[in-house]
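S.K.: Take a look at this one; I'll ask things after.
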Amino acid sequence: MEIRAACVSKVAKHNLMNGEEMKIAIVTEDNKVASHFGHCEKVMLVTIEDGEVGSREVLDAPEHDCGALPRLFAERNVEYVIAGGLGGGAMANLNRSGVKVIAGIQGGAEDALGRFMAGTLVGGDAVCGGHGQGTCGHHGG
């Protein structure tokens with residue numbers, strides 16, 4: 001499965017600027033975007049209202065379980081997830097839940113949020129095969 005570069009869509013930009021509420025999630029470790037979606041330490045849930053950050057909630061990530069994070073995001077009505085690398089299973093679960101993924105992001109979580117808000121956040125390659133496979137760069141092998 002290939003994860004193509006993604007950026008904030010025109011629809012999302014329109015919604016951000018026209019007062020519609022949007023929820024995004026950033027998976028984190030040490031206040032940075034987590035390099036691997038399924039092994040993040042925390043999840044920052046952000047509600048954007050009227051083009052501004054309305055609220056933030058930082059949660060401990062659930063135990064690593066296939067589908068735990070996608071279920072959490074579906075329950076919380078998250079529209080976008082910002083992550084470093086993630087595997088095909090996670091991507092499929094997120095897609096089934098209607099959650100859009102911006103993967104391949106590195107650096108601080110606050111910086112990623114700022115770039116998302118500005119409409120300049122662009123993802124890249126972040127395919128993880130898991131168990132020592134993939135191109136995300138954090139697996140041994």
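Each chain of the structure tokens is named A, B, ... in the order shown, its residues numbered from 1; ligands are numbered from 1 in display order.
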Give me, as CSV, the closest atom pair and its distance (Å, one decimal) for every residue of range 54-73 of chain A within a cut-off of 12 Å of range 22-27 of chain A, counting only C-alpha atoms, rows sorted by chain and rising number.

M.R.:
```
residue,atom,partner,partner_atom,distance
A:Gly54,CA,A:Met22,CA,9.7
A:Ser55,CA,A:Lys23,CA,9.6
A:Arg56,CA,A:Ala25,CA,9.6
A:Glu57,CA,A:Ala25,CA,9.5
A:Val58,CA,A:Ile26,CA,9.4
A:Leu59,CA,A:Val27,CA,9.8
A:Asp60,CA,A:Val27,CA,10.0
A:Ala61,CA,A:Val27,CA,8.3
A:Pro62,CA,A:Val27,CA,11.3
A:Leu69,CA,A:Val27,CA,9.4
A:Pro70,CA,A:Ala25,CA,10.6
A:Leu72,CA,A:Ala25,CA,10.2
A:Phe73,CA,A:Ala25,CA,7.6
```

S.K.: I need the residue nearest Ala112 in chain A from this list: A:Ala90, A:Val46, A:Cys40, A:Ala74. Use only C-alpha atoms for the distance.

M.R.: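 The answer is A:Val46, which sits nearest to Ala112 in chain A.
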
S.K.: Write down as a ChimeraX atom specification the residues belonging to range 77-123 of chain A that are assigned strand (DSSP E or B) by DSSP computed on the backbone.

M.R.: /A:80-82,85-87,100-102,108,122

S.K.: Please dump the current selection as a short mmCIF file (atom, residue, chain, number, x, y, z; two decimals), in the first residue's frame; keep N, CA and C atoms.

M.R.:
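What landed in out-v7.cif:
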```cif
data_model
loop_
_atom_site.label_atom_id
_atom_site.label_comp_id
_atom_site.auth_asym_id
_atom_site.auth_seq_id
_atom_site.Cartn_x
_atom_site.Cartn_y
_atom_site.Cartn_z
N TYR A 80 -8.98 14.68 10.58
CA TYR A 80 -7.60 14.55 10.10
C TYR A 80 -6.71 14.02 11.21
N VAL A 81 -5.76 13.16 10.83
CA VAL A 81 -4.73 12.69 11.74
C VAL A 81 -3.38 13.09 11.15
N ILE A 82 -2.52 13.64 12.00
CA ILE A 82 -1.17 14.02 11.61
C ILE A 82 -0.22 13.05 12.29
N GLY A 85 5.22 7.94 10.53
CA GLY A 85 4.96 6.73 9.75
C GLY A 85 3.76 5.97 10.29
N LEU A 86 3.13 5.22 9.41
CA LEU A 86 2.07 4.31 9.83
C LEU A 86 1.96 3.18 8.83
N GLY A 87 1.44 2.07 9.29
CA GLY A 87 1.35 0.88 8.45
C GLY A 87 0.07 0.83 7.65
N LYS A 100 -8.97 11.33 7.37
CA LYS A 100 -7.92 11.64 6.40
C LYS A 100 -6.58 11.68 7.13
N VAL A 101 -5.54 11.19 6.48
CA VAL A 101 -4.23 11.08 7.10
C VAL A 101 -3.23 11.99 6.40
N ILE A 102 -2.50 12.75 7.21
CA ILE A 102 -1.35 13.50 6.71
C ILE A 102 -0.15 12.87 7.40
N GLY A 108 8.08 19.27 15.74
CA GLY A 108 7.22 19.53 16.89
C GLY A 108 5.74 19.46 16.55
N VAL A 122 2.39 19.58 4.50
CA VAL A 122 2.45 18.63 3.39
C VAL A 122 3.13 17.37 3.87
#
```

S.K.: Which residue out of A:Thr47, A:Val99, A:Gly38, A:Glu21 has the minimum interatomic distance to Glu63 in chain A when only C-alpha atoms are used?

M.R.: A:Gly38

S.K.: Hey, what does DSSP flag as helix (DSSP H, G or I) within range 26-94 of chain A? Can you give it to me as a list in words?

M.R.: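 Output for range 26-94 of chain A, helix (DSSP H, G or I) only: Phe37, Gly38, His39, Ala68, Leu69, Pro70, Arg71, Leu72, Phe73, Ala74, Glu75, Gly88, Gly89, Ala90, Met91, Ala92, Asn93 and Leu94 of chain A.
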
S.K.: What does the distance from CA of Phe37 in chain A to CA of Gly89 in chain A come to in Å, to one decimal?

M.R.: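 Atom-to-atom, CA of Phe37 in chain A and CA of Gly89 in chain A are spaced 11.0 Å apart.
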